[in-house]
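Engineer: Pasting a structure here, questions to come.
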Amino acid sequence: MRRAVVEYKGWKEGYRCGYCASPQGKVSAGMWAHSMTVQDYQDLIDRGWRRSGKYVYKPIMNQTCCPQYTIRCQALHFQTSKSHKKVLKKMLKFISKGDISKVMGGEEPMDSHIEEVVACSHEYRSESHVSQAELTPLSVDHAEGVEAEDKDKEQMKEEVNVKKMESGSLQIHVAKDTPVPGEPSHSTKIVHALPKPGKGADLSKPPCRKAKDIRKERKLQKLLQNQMCTYEGSPLQAGDQVLLLQSSKSKTNQPKTVEDFIFVSLPDDAAHKLEVRVVRSSPPSSQFKATFQESYQVYKRYQMVIHKDPPDKPTINQFTRFLCDSPLEAENLPNGPDCGYGSFHQQYWLDGKIIAVGVIDILPYCVSSVYLYYDPDYSFLSLGVYSALREIAFTRQLHEKAPDLRFYYMGFYIHSCPKMRYKGQYRPSDLLCPETYVWMPIEQCLPLLERSKYCRFNQDVKAVDEGRIKDLGRVRVLHKRTIMSYSVYKKRRKGPSDEASVQQYASLVGQTCSERMLLFRS
């Protein structure tokens, strides 16, 4: 059984904020994740956590200078805005005709869509120095024996019957019929009445197709010759090709989808060829290793030109720890996406060279965007916006194989920082309530944020955090390579009490994760 092992580092406060430039305004909690399952991380980001490499952090919302609200886009219902369509058309013109004359003057400001994890130096100052041997638990049988032994001693000492604690981990069950804001109910029945003669179309028969739709479908057969997405260099399976074509079909009197712009047939003499490759970054796949140096050079140029880093700062070590290392265990399930779950790099290849890389995590319910870096020479293509739209389309594609995977997480929405408000333009989207950890439509949240930078979005005053810590003794601990409950560890611990630190950790990760993940104790 996979187990997450984390090392809680406590609160970090009084360090510089990259949004308001306050020298000592930022406050967050953090922990080193030596290993983590994708379900654990999914549950953590649904409580406001976020990762930078193997460091996982959570802003202390009511104390930090610029509250950072987790934001997700409902990918299945996403509709492109006018500005999104302009970016998509701009890319199409460039690929098909090599046209850059009209777009150079309309260059957008720096649009890397996940900026908040750039300033991470404080985390690495408290880097873990625990050996791998200490992090490897002994057998489960041995761990259970430790708890049983402790209980026997307690029984002899107090001569009372002690109810045996469960040593199994909790399982998360998500009801498939749980409503999502803006999603139609599955229980609604649609009944079509047969029309009377001469009173309209017979809805029992398939509608007539327009000639232009038929022509368009034929053109789309050339899709994979021009633009395609590959997993580790292998083209999409035939079934996936059909799904892409179906999702790309325009419907009568309905707005174009993001797929209609991305997966469009290009002329045989197109000026450029764009290919998107999804490669596993942790553990590194052979294709990831083969393209590592080229990818790093793109990152280095991006940091120097866009973020004004000195030439010696974007080191390979920084690149690896920040954007390649990940605590997430790779998982491949029969009902999951073909590429599996875990951490990936989505590489954008233009005419045989990498021009951009989107760092993403594929989790049970979402694609989570970690970071984007690109070749500054192609800034005129608005690659931040374009890659976000591609990642939304990718989420929708994965949903066809993994039905529970329906959302696109964009990191943090920071209303108090105007340059970070653009994430709210990907609609429909929701913000996470920082107190009850329920998702609220962004339209309901914005008026509250106009009045105060910190807000409780859930207006039900009686609502509480349903995942809050209820029993500290059930927190799972890894001590001397042995798994035990905190109640057992507390009796064995020598020295000053660490209960306040464990209580803080458990309150932030919640009861479920605290019982499933292992909190390392030296």
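So you can find residues: chains in the structure tokens are A, B, ... in the order shown, residues in each start at 1, and ligands are numbered from 1 in order.
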Within 9 Å of Ile45 (chain A), counting only C-alpha atoms, which residues show up once you throw out same-chain ones fewer than 5 positions away? Write them as a compact mmCIF listing (two decimals) with C-alpha atoms, in the first residue's frame, please.
Structural biologist:
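File produced: out.txt:
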# COMPACT_ATOMS: atom_id res chain seq x y z
CA ASP A 40 -3.44 12.65 -1.01
CA ARG A 50 0.03 23.77 -3.39
CA ARG A 51 3.39 22.27 -4.30
CA LYS A 58 -0.46 26.58 2.27
CA THR A 70 -7.41 28.15 -4.92
CA GLY A 411 -3.27 27.54 -8.80
Engineer: Find the residues near Tyr505 (chain A): any atom within 7 Å, counting only C-alpha atoms, skip ones fewer than 4 places away on the same chain, and give them as a list of chain:residue names.
Structural biologist: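 Answer for this query is A:Tyr8, A:Ser501, A:Val509.
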Engineer: Could those selected residues go to a file with N, CA and C atoms, as a PDB file, in the first residue's frame?
Structural biologist:
ATOM      1  N   TYR A   8       6.619  17.977   8.484  1.00  0.00           N
ATOM      2  CA  TYR A   8       6.003  19.292   8.687  1.00  0.00           C
ATOM      3  C   TYR A   8       7.038  20.287   9.199  1.00  0.00           C
ATOM      4  N   SER A 501       2.521  21.452  17.616  1.00  0.00           N
ATOM      5  CA  SER A 501       2.930  21.373  16.216  1.00  0.00           C
ATOM      6  C   SER A 501       2.099  20.347  15.455  1.00  0.00           C
ATOM      7  N   VAL A 509      -4.137  19.950   7.292  1.00  0.00           N
ATOM      8  CA  VAL A 509      -4.308  18.892   6.283  1.00  0.00           C
ATOM      9  C   VAL A 509      -5.660  18.201   6.411  1.00  0.00           C
TER      10      VAL A 509
END
Engineer: Write down as a list in words the residues belonging to region 354-430 of chain A that are assigned strand (DSSP E) by DSSP computed on the backbone.
Structural biologist: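 Filtering region 354-430 of chain A to strand (DSSP E) leaves Ile354, Ile355, Ala356, Val357, Gly358, Val359, Ile360, Asp361, Ile362, Cys366, Val367, Ser368, Ser369, Val370, Tyr371, Leu372, Tyr373, Tyr374, Phe407, Tyr408, Tyr409, Met410, Gly411, Phe412, Tyr413, Ser429 and Asp430 of chain A.
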Engineer: Could you save the residues just selected, with N, CA, C and O atoms, as a short mmCIF file (atom, residue, chain, number, x, y, z; two decimals), in the first residue's frame?
Structural biologist:
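And here's result29.cif as it stands now:
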data_model
loop_
_atom_site.label_atom_id
_atom_site.label_comp_id
_atom_site.auth_asym_id
_atom_site.auth_seq_id
_atom_site.Cartn_x
_atom_site.Cartn_y
_atom_site.Cartn_z
N ILE A 354 11.69 22.72 -28.99
CA ILE A 354 10.81 23.07 -27.87
C ILE A 354 10.72 24.59 -27.76
O ILE A 354 11.74 25.27 -27.68
N ILE A 355 9.49 25.11 -27.75
CA ILE A 355 9.31 26.55 -27.56
C ILE A 355 8.60 26.87 -26.25
O ILE A 355 8.59 28.02 -25.81
N ALA A 356 7.99 25.87 -25.61
CA ALA A 356 7.30 26.10 -24.35
C ALA A 356 7.10 24.77 -23.64
O ALA A 356 7.02 23.71 -24.28
N VAL A 357 7.00 24.84 -22.30
CA VAL A 357 6.75 23.64 -21.50
C VAL A 357 5.77 23.99 -20.38
O VAL A 357 6.01 24.92 -19.61
N GLY A 358 4.67 23.25 -20.32
CA GLY A 358 3.72 23.39 -19.23
C GLY A 358 3.95 22.26 -18.24
O GLY A 358 3.91 21.08 -18.59
N VAL A 359 4.25 22.62 -16.98
CA VAL A 359 4.44 21.62 -15.93
C VAL A 359 3.08 21.35 -15.29
O VAL A 359 2.43 22.28 -14.80
N ILE A 360 2.64 20.10 -15.32
CA ILE A 360 1.29 19.78 -14.84
C ILE A 360 1.30 18.52 -13.98
O ILE A 360 2.21 17.69 -14.08
N ASP A 361 0.29 18.43 -13.12
CA ASP A 361 0.02 17.21 -12.36
C ASP A 361 -1.33 16.68 -12.82
O ASP A 361 -2.30 17.44 -12.90
N ILE A 362 -1.40 15.40 -13.12
CA ILE A 362 -2.66 14.75 -13.47
C ILE A 362 -3.13 13.99 -12.24
O ILE A 362 -2.47 13.05 -11.79
N CYS A 366 -8.64 16.16 -11.50
CA CYS A 366 -8.26 17.38 -12.20
C CYS A 366 -6.91 17.28 -12.88
O CYS A 366 -6.12 16.37 -12.59
N VAL A 367 -6.66 18.23 -13.77
CA VAL A 367 -5.31 18.56 -14.22
C VAL A 367 -4.92 19.83 -13.48
O VAL A 367 -5.64 20.83 -13.52
N SER A 368 -3.83 19.77 -12.75
CA SER A 368 -3.38 20.92 -11.96
C SER A 368 -2.15 21.54 -12.62
O SER A 368 -1.14 20.88 -12.83
N SER A 369 -2.26 22.82 -12.98
CA SER A 369 -1.16 23.53 -13.62
C SER A 369 -0.17 23.99 -12.56
O SER A 369 -0.54 24.62 -11.57
N VAL A 370 1.10 23.65 -12.76
CA VAL A 370 2.15 24.01 -11.80
C VAL A 370 2.91 25.25 -12.25
O VAL A 370 3.09 26.19 -11.50
N TYR A 371 3.35 25.25 -13.51
CA TYR A 371 4.16 26.37 -14.01
C TYR A 371 4.22 26.30 -15.53
O TYR A 371 3.93 25.26 -16.13
N LEU A 372 4.58 27.41 -16.13
CA LEU A 372 4.81 27.48 -17.57
C LEU A 372 6.07 28.28 -17.83
O LEU A 372 6.28 29.32 -17.21
N TYR A 373 6.91 27.79 -18.72
CA TYR A 373 8.04 28.60 -19.21
C TYR A 373 8.12 28.43 -20.71
O TYR A 373 7.70 27.41 -21.27
N TYR A 374 8.60 29.48 -21.38
CA TYR A 374 8.61 29.45 -22.84
C TYR A 374 9.77 30.27 -23.39
O TYR A 374 10.39 31.07 -22.68
N PHE A 407 -11.92 18.79 -13.86
CA PHE A 407 -11.58 20.18 -13.53
C PHE A 407 -10.15 20.52 -13.94
O PHE A 407 -9.28 19.65 -14.05
N TYR A 408 -9.93 21.82 -14.13
CA TYR A 408 -8.62 22.35 -14.44
C TYR A 408 -8.26 23.34 -13.34
O TYR A 408 -8.91 24.38 -13.20
N TYR A 409 -7.26 23.00 -12.53
CA TYR A 409 -6.85 23.86 -11.42
C TYR A 409 -5.75 24.80 -11.89
O TYR A 409 -4.74 24.36 -12.44
N MET A 410 -5.94 26.09 -11.65
CA MET A 410 -5.01 27.11 -12.13
C MET A 410 -4.13 27.68 -11.03
O MET A 410 -3.50 28.72 -11.22
N GLY A 411 -4.09 27.02 -9.89
CA GLY A 411 -3.27 27.54 -8.80
C GLY A 411 -4.07 28.48 -7.92
O GLY A 411 -5.16 28.16 -7.48
N PHE A 412 -3.52 29.68 -7.70
CA PHE A 412 -4.15 30.65 -6.80
C PHE A 412 -4.68 31.87 -7.56
O PHE A 412 -4.03 32.38 -8.47
N TYR A 413 -5.85 32.32 -7.12
CA TYR A 413 -6.42 33.58 -7.60
C TYR A 413 -6.16 34.62 -6.51
O TYR A 413 -6.49 34.42 -5.34
N SER A 429 -15.81 29.18 -13.36
CA SER A 429 -14.78 28.81 -12.40
C SER A 429 -15.28 29.01 -10.98
O SER A 429 -16.26 29.72 -10.75
N ASP A 430 -14.60 28.36 -10.04
CA ASP A 430 -14.99 28.40 -8.63
C ASP A 430 -13.78 28.76 -7.79
O ASP A 430 -12.63 28.46 -8.15
#
Engineer: Any chance you could list, as number ranges by chain, the residues in region 250-361 of chain A that come up helix (DSSP H, G or I) when DSSP is run on the backbone?
Structural biologist: A: 258-262, 286-290, 292-305, 316-324
Engineer: Just checking: using only C-alpha atoms, which residue out of A:Cys20, A:Cys513, A:Val130, A:Cys73 ends up closest to Leu389 (chain A)?
Structural biologist: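 The answer is A:Cys73, which sits nearest to Leu389 (chain A).
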Engineer: Quick one: everything within 8 Å of Tyr454 (chain A), counting only C-alpha atoms, minus sequence neighbours fewer than 4 positions away in the same chain. Send it as a PyMOL selection string.
Structural biologist: chain A and resi 61-62+67+449
Engineer: Compile the contact shell of Ser452 (chain A) as a PDB file with N, CA, C and O atoms, in the first residue's frame: residues with an atom at most 10 Å away, counting only C-alpha atoms, same-chain residues fewer than 5 positions apart removed.
Structural biologist:
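part-v1.pdb written:
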ATOM      1  N   HIS A 415      -6.999  38.346  -5.744  1.00  0.00           N
ATOM      2  CA  HIS A 415      -7.794  39.512  -6.143  1.00  0.00           C
ATOM      3  C   HIS A 415      -7.099  40.815  -5.768  1.00  0.00           C
ATOM      4  O   HIS A 415      -7.252  41.826  -6.467  1.00  0.00           O
ATOM      5  N   SER A 416      -6.321  40.799  -4.686  1.00  0.00           N
ATOM      6  CA  SER A 416      -5.649  42.027  -4.249  1.00  0.00           C
ATOM      7  C   SER A 416      -4.480  42.400  -5.151  1.00  0.00           C
ATOM      8  O   SER A 416      -3.913  43.486  -5.021  1.00  0.00           O
ATOM      9  N   LEU A 446     -16.604  37.539  -6.070  1.00  0.00           N
ATOM     10  CA  LEU A 446     -15.982  38.807  -6.451  1.00  0.00           C
ATOM     11  C   LEU A 446     -16.534  40.016  -5.693  1.00  0.00           C
ATOM     12  O   LEU A 446     -15.747  40.870  -5.261  1.00  0.00           O
ATOM     13  N   PRO A 447     -17.871  40.142  -5.503  1.00  0.00           N
ATOM     14  CA  PRO A 447     -18.367  41.295  -4.730  1.00  0.00           C
ATOM     15  C   PRO A 447     -17.819  41.313  -3.307  1.00  0.00           C
ATOM     16  O   PRO A 447     -17.546  42.387  -2.749  1.00  0.00           O
TER      17      PRO A 447
END
Engineer: Pick from A:Val258, A:Tyr41, A:His34, A:Thr64: nearest to Lys12 (chain A), with only C-alpha atoms counted?
Structural biologist: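 Closest to Lys12 (chain A), using only C-alpha atoms: A:Thr64.
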Engineer: From the set A:Arg321, A:Arg301, A:Lys90, A:Arg280, which residue has the shortest atom-to-atom contact distance to Asp377 (chain A), counting only C-alpha atoms?
Structural biologist: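 With only C-alpha atoms as the atom set, the closest residue is A:Arg301.
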Engineer: Using only C-alpha atoms, can you tell me which of A:Gln287, A:Thr436, A:Ser83, A:Thr320 comes closest to Tyr231 (chain A)?
Structural biologist: A:Gln287
Engineer: Could you tell me which of A:Phe457, A:Phe380, A:Phe322, A:Tyr426 comes closest to Asp99 (chain A) if we count only C-alpha atoms?
Structural biologist: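 Looking at the shortest contact to Asp99 (chain A), the residue is A:Phe380.
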Engineer: So how many Å separate CA of Ala33 (chain A) and CA of Leu328 (chain A), to one decimal?
Structural biologist: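 CA of Leu328 (chain A) lies at a distance of 8.7 Å from CA of Ala33 (chain A).
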Engineer: Go through A:Tyr365, A:Gln63, A:Ser343, A:Ser295 one by one, measure the shortest atom-to-atom distance of each to Arg396 (chain A) using only C-alpha atoms, and give the residue with the smallest value.
Structural biologist: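 Smallest separation from Arg396 (chain A) among the options: A:Tyr365.
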